[in-house]
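Chemist: Pasting in a structure now, in structure tokens, and then I'll have a few things to ask.
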Amino acid sequence: MDFNFDEIIDRKTTYSAKWSQVHLGSPDMLPLWVADMDFKCPPAVIEAVEQAARHGVYGYCDRMDDYYETFIMWNKDRNRWKIQKDWIVYSPGIVPALNYAVQSFCAPGDKVIIQPPVYYPFFDVVTNNGCQLVENKLIFESGRYTMDFDSLESQLADPKVKALILCNPHNPVGRVWSKDELTTLGNLCIKHNVLVLSDEIHSDLVYSGYHHVPFASLSEEFAQNSIVCMAPSKTFNLAGLQTSNIIIPNPVLRQMFFNTIERAGTTDTNLFGIVAAVAAYRGGALWLSQLLKYLENNMKFMDQFLHSNLPEVKLIKPEGTYLAWLDCKDAEADYKVLERRIRSKGKVLLDEGYIFGSGGEGFERINIACPLPILEEALKRIEHALHHN
């Protein structure tokens with residue numbers, strides 16, 4: 001079966017945050033910012049949700065065995081990671097889960113390490129819960145990002161540091177951290193008794209030649225010192241159904257985390273989220289395989305377009321995610337001017353690099369999970385905006 005990722009779908013009247021006029025401010029703005037896809041979900045998901053909707057009763061629901069079994073089998077098949085059912089705690093999303101984790105394992109005034117430029121909600125996860133940010137800035141050399149382990153070890157040695165938020169695959173720079181990198185990070189955190197909160201929401205979106213390694217799968221010691229956050233939301237475009245799985249092998253940590261969720265009153269599940277997740281993990285593998293090929297083609301098209309038409313903008317080729325990180329410093333030195341030109345003149349809405357923290361200035365994050373004609377139009381607009389004052 002072939003899936004039509006070229007289909008252009010009107011989302012403007014569907015309560016879409018990405019396409020909402022509240023955010024766009026202009027009817028002719030092209031949004032390539034929010035990290036959801038402009039593709040329909042896998043047919044198996046649509047059919048399952050429609051069947052549940054036709055049933056006509058939308059009461060409270062439980063997570064039945066098949067919900068856990070499909071997720072466990074998915075990880076066993078794709079990541080060679082055997083998860084136990086009782087390790088899994090439901091959360092309405094990964095950002096809420098990270099908030100719950102900081103609330104559970106850190107006290108106000110404690111410190112939490114993040115690795116910028118990084119997914120910007122991480123900043124609020126730390127500061128909104130009364131903790132202090134410690135920035136272990138990624139190293140950018142020869143068009144590639146790596147972790148600064150020397151700096152990290154000195155930061156981990158601070159007894160006030162209680163947790164590190166890992167982003168793997170990394171948003172926005174697109175790194176799929178290697179087994180060796182994760183092992184080095186994990187050993188340092190064990191040495192200094194720092195808990196790893198691993199956001200792995202993009203774990204299924206990995207390109208040819210790379211493989212995602214769940215942090216907790218590397219060793220029993222790492223598993224007992226980590227919380228791994230996964231969800232079908234990015235993989236199958238289900239973000240609006242707010243269903244995530246938080247894997248916590250350590251029973252003490254798991255109970256502390258669950259207690260926080262219980263206090264927040266968010267233990268109930270979205271019916272359609274459960275139905276969609278089961279259908280996606282059970283029947284979405286072929287769709288995902290074709291999606292990844294389409295995304296790789298979009299990425300290649302963009303790289304060629306930039307080389308031919310906008311060589312001063314450089315693509316930092318991602319190893320995973322459907323988000324591309326563009327180095328625009330040679331096109332416009334002032335990142336605020338860069339933002340105005342792309343938005344006001346180009347009528348393209350991206351996520352500006354500076355919102356991802358230190359090292360993001362002069363970069364732009366672009367979501368390439370859209371039909372190729374939309375991506376091509378957006379790139380032409382950006383080229384016009386940057387070449388014509």
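Chain identifiers are assigned as A, B, and so on, following the order in which chains appear in the structure tokens; residues are numbered from 1 within each chain, and ligands are numbered from 1 in order of appearance.
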Could you give me, as a PyMOL selection string, the residues within 7 Å of region 177-188 of chain A, counting only C-alpha atoms and dropping anything in the same chain fewer than 5 positions from it?

Modeler: chain A and resi 153+168-169+213+215+222

Chemist: Can you spit out the residues from that selection as an mmCIF file, in the first residue's frame, using C-alpha atoms?

Modeler:
data_model
loop_
_atom_site.group_PDB
_atom_site.id
_atom_site.type_symbol
_atom_site.label_atom_id
_atom_site.label_comp_id
_atom_site.auth_asym_id
_atom_site.auth_seq_id
_atom_site.Cartn_x
_atom_site.Cartn_y
_atom_site.Cartn_z
ATOM 1 C CA GLU A 153 31.450 16.631 34.730
ATOM 2 C CA ASN A 168 17.351 12.059 22.404
ATOM 3 C CA PRO A 169 16.958 12.424 19.471
ATOM 4 C CA VAL A 213 19.220 3.745 21.670
ATOM 5 C CA PHE A 215 18.953 5.462 27.510
ATOM 6 C CA PHE A 222 21.154 3.329 33.982
#

Chemist: Which polymer residues have any atom within 7 Å of an atom of Cys167 (chain A), counting only C-alpha atoms, with same-chain residues fewer than 3 positions away left out, as a PyMOL selection string?

Modeler: chain A and resi 170-171+198-200

Chemist: Any idea what the distance is between CA of Gly357 (chain A) and CA of Ala324 (chain A)?

Modeler: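 Atom-to-atom, CA of Gly357 (chain A) and CA of Ala324 (chain A) are spaced 16.5 Å apart.
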
Chemist: If you count only C-alpha atoms, which residues fall within 9 Å of region 135-141 of chain A, apart from same-chain ones fewer than 4 positions away, as number ranges by chain?

Modeler: A: 112-117, 145-149, 151-152, 155, 357-359

Chemist: Convert the current residue selection to file output with N, CA and C atoms, as a compact mmCIF listing (two decimals), in the first residue's frame.

Modeler:
# COMPACT_ATOMS: atom_id res chain seq x y z
N VAL A 112 19.03 21.85 37.82
CA VAL A 112 18.75 20.87 36.77
C VAL A 112 19.53 21.26 35.53
N ILE A 113 20.22 20.30 34.94
CA ILE A 113 21.04 20.55 33.76
C ILE A 113 20.23 20.31 32.49
N ILE A 114 20.35 21.24 31.54
CA ILE A 114 19.84 21.05 30.19
C ILE A 114 20.98 21.31 29.21
N GLN A 115 20.79 20.92 27.93
CA GLN A 115 21.87 21.02 26.95
C GLN A 115 21.45 21.85 25.74
N PRO A 116 21.53 23.17 25.86
CA PRO A 116 21.11 24.04 24.76
C PRO A 116 22.12 24.10 23.63
N PRO A 117 21.64 24.48 22.42
CA PRO A 117 20.26 24.85 22.11
C PRO A 117 19.35 23.63 22.18
N TYR A 145 27.03 18.73 16.06
CA TYR A 145 26.96 18.99 17.49
C TYR A 145 27.41 17.76 18.28
N THR A 146 28.14 18.03 19.37
CA THR A 146 28.54 16.99 20.31
C THR A 146 28.34 17.51 21.73
N MET A 147 28.37 16.61 22.70
CA MET A 147 28.24 17.01 24.09
C MET A 147 29.59 17.47 24.65
N ASP A 148 29.54 18.45 25.52
CA ASP A 148 30.74 18.95 26.21
C ASP A 148 30.87 18.20 27.54
N PHE A 149 31.53 17.05 27.48
CA PHE A 149 31.61 16.20 28.67
C PHE A 149 32.52 16.78 29.75
N SER A 151 32.92 19.97 30.56
CA SER A 151 32.10 20.93 31.29
C SER A 151 31.02 20.22 32.09
N LEU A 152 30.44 19.18 31.49
CA LEU A 152 29.36 18.46 32.15
C LEU A 152 29.83 17.85 33.47
N GLN A 155 29.97 20.39 36.17
CA GLN A 155 28.63 20.83 36.56
C GLN A 155 27.93 19.76 37.41
N GLY A 357 17.71 28.80 23.35
CA GLY A 357 18.74 29.08 24.33
C GLY A 357 20.11 29.33 23.74
N SER A 358 21.12 29.27 24.59
CA SER A 358 22.50 29.61 24.21
C SER A 358 22.95 28.83 22.99
N GLY A 359 23.52 29.56 22.03
CA GLY A 359 24.00 28.94 20.81
C GLY A 359 22.97 28.85 19.71

Chemist: Based on DSSP run over this structure's backbone, return all residues of region 97-343 of chain A in strand (DSSP E or B), as a PyMOL selection string.

Modeler: chain A and resi 111-114+132-135+139-141+144-146+161-167+195-199+206+226-230+244-247+314-316+320+323-327

Chemist: Given the choices A:Val89, A:Leu306, A:Ile8, A:Leu24, which gets closest to Leu253 (chain A) if the distance is worked out from only C-alpha atoms?

Modeler: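 For Leu253 (chain A), the nearest of the candidates is A:Val89.
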
Chemist: I'd like the neighbourhood of Lys82 (chain A) as a PyMOL selection string, where a residue qualifies if any of its atoms comes within 12 Å (using only C-alpha atoms), though same-chain residues fewer than 2 positions away should be ignored.

Modeler: chain A and resi 69+71-80+84-85+87-88+214+216-218+220+223+247+249

Chemist: For C-alpha atoms, I'd like the residues from the last selection saved as a compact mmCIF listing (two decimals), in the first residue's frame.

Modeler:
# COMPACT_ATOMS: atom_id res chain seq x y z
CA GLU A 69 1.22 -5.03 24.98
CA PHE A 71 3.74 -0.49 23.16
CA ILE A 72 5.96 -3.15 24.73
CA MET A 73 6.12 -5.12 21.47
CA TRP A 74 6.87 -1.95 19.48
CA ASN A 75 9.92 -1.23 21.63
CA LYS A 76 11.07 -4.83 21.54
CA ASP A 77 10.90 -4.92 17.73
CA ARG A 78 12.32 -1.46 16.97
CA ASN A 79 14.67 -0.75 19.87
CA ARG A 80 15.50 -4.25 21.15
CA GLN A 84 7.92 -4.54 31.75
CA LYS A 85 4.26 -3.56 31.98
CA TRP A 87 7.32 0.17 34.51
CA ILE A 88 4.86 2.21 32.42
CA PRO A 214 16.85 4.16 24.64
CA ALA A 216 17.60 2.99 30.06
CA SER A 217 18.30 0.03 27.76
CA LEU A 218 22.07 0.39 28.10
CA GLU A 220 20.49 -2.01 34.69
CA ALA A 223 17.62 1.94 34.08
CA ILE A 247 8.98 4.26 31.60
CA PRO A 249 12.06 0.72 36.00

Chemist: Between A:Val194, A:Val161, A:Val176, A:Ala101, which one has atoms that come closest to Gly209 (chain A), using only C-alpha atoms?

Modeler: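 Closest candidate: A:Val176.
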
Chemist: Using DSSP on the backbone, list every residue of region 137-314 of chain A that comes out as alpha helix (DSSP H), and give them as a PyMOL selection string.

Modeler: chain A and resi 149-156+179-191+220-224+233-236+251-264+271-283+285-309

Chemist: Could you tell me how far CA of Asp66 (chain A) sits from CA of Ile46 (chain A), in Å to one decimal place?

Modeler: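 Result for CA of Ile46 (chain A) versus CA of Asp66 (chain A): 18.0 Å, one decimal.
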
Chemist: Excluding Gly93 (chain A) and any residue of its chain fewer than 6 positions from it, enumerate the residues within 7 Å of it, using only C-alpha atoms, and give them as a list in words.

Modeler: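 Counting only C-alpha atoms, the residues come to Gln242, Thr243 and Ser244 of chain A.
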
Chemist: For those residues, write N, CA and C atoms to a file as a PDB file, in the first residue's frame.

Modeler:
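Dumped everything to out.pdb:
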ATOM      1  N   GLN A 242      -2.999  13.556  23.287  1.00  0.00           N
ATOM      2  CA  GLN A 242      -2.380  13.679  24.608  1.00  0.00           C
ATOM      3  C   GLN A 242      -2.247  12.356  25.351  1.00  0.00           C
ATOM      4  N   THR A 243      -1.427  11.485  24.772  1.00  0.00           N
ATOM      5  CA  THR A 243      -1.187  10.180  25.365  1.00  0.00           C
ATOM      6  C   THR A 243       0.311   9.864  25.304  1.00  0.00           C
ATOM      7  N   SER A 244       0.921   9.706  26.486  1.00  0.00           N
ATOM      8  CA  SER A 244       2.358   9.430  26.560  1.00  0.00           C
ATOM      9  C   SER A 244       2.623   8.320  27.565  1.00  0.00           C
TER      10      SER A 244
END

Chemist: Using only C-alpha atoms, determine which residues lie at most 12 Å from Ile374 (chain A), disregarding the query and same-chain residues fewer than 3 positions distant; provide the list as a ChimeraX atom specification.

Modeler: /A:5-10,29-32,38-39,298,302,348,367-371,377-381

Chemist: Kindly give the distance, in Å, that separates CA of Tyr58 (chain A) and CA of Ile248 (chain A), rounded to a single decimal.

Modeler: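 Between these atoms lies a distance of 29.7 Å.
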
Chemist: From the list A:Asp334, A:His192, A:Pro121, A:Ala385, which residue is nearest Ala157 (chain A) when using only C-alpha atoms?

Modeler: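 When distances to Ala157 (chain A) are compared using only C-alpha atoms, the smallest one comes from A:His192.
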
Chemist: Skip region 273-284 of chain A itself and residues of its chain fewer than 3 positions away, then list as a list of chain:residue names all residues within 8 Å of it, counting only C-alpha atoms.

Modeler: A:Pro42, A:Ala44, A:Val45, A:Ile46, A:Ala48, A:Val49, A:Ala52, A:Arg63, A:Asp66, A:Tyr67, A:Thr70, A:Phe71, A:Trp74, A:Pro232, A:Phe236, A:Leu238, A:Leu241, A:Gln242, A:Thr243, A:Thr269, A:Asn270, A:Trp287, A:Leu288

Chemist: Keeping only C-alpha atoms, write the selected residues to a file as a short mmCIF file (atom, residue, chain, number, x, y, z; two decimals), in the first residue's frame.

Modeler:
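File produced: result.cif:
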data_model
loop_
_atom_site.label_atom_id
_atom_site.label_comp_id
_atom_site.auth_asym_id
_atom_site.auth_seq_id
_atom_site.Cartn_x
_atom_site.Cartn_y
_atom_site.Cartn_z
CA PRO A 42 -2.13 6.10 9.40
CA ALA A 44 -5.47 2.10 10.82
CA VAL A 45 -5.58 4.93 13.35
CA ILE A 46 -8.30 6.85 11.51
CA ALA A 48 -10.03 2.86 14.90
CA VAL A 49 -10.89 6.38 16.04
CA ALA A 52 -14.78 4.43 18.63
CA ARG A 63 -5.86 1.25 29.84
CA ASP A 66 -3.58 -4.46 24.65
CA TYR A 67 -2.55 -0.85 25.28
CA THR A 70 1.36 -3.09 21.70
CA PHE A 71 3.74 -0.49 23.16
CA TRP A 74 6.87 -1.95 19.48
CA PRO A 232 3.13 7.94 19.68
CA PHE A 236 2.00 9.09 14.08
CA LEU A 238 -1.29 12.18 17.46
CA LEU A 241 -4.78 13.14 21.69
CA GLN A 242 -2.38 13.68 24.61
CA THR A 243 -1.19 10.18 25.37
CA THR A 269 -6.88 8.69 30.09
CA ASN A 270 -8.17 10.18 26.84
CA TRP A 287 3.02 3.95 7.11
CA LEU A 288 5.99 5.03 9.25
#

Chemist: Return the single residue from A:Val118, A:Val102, A:Leu166, A:Val228 that is closest to Arg365 (chain A), with distances computed using only C-alpha atoms.

Modeler: A:Val118
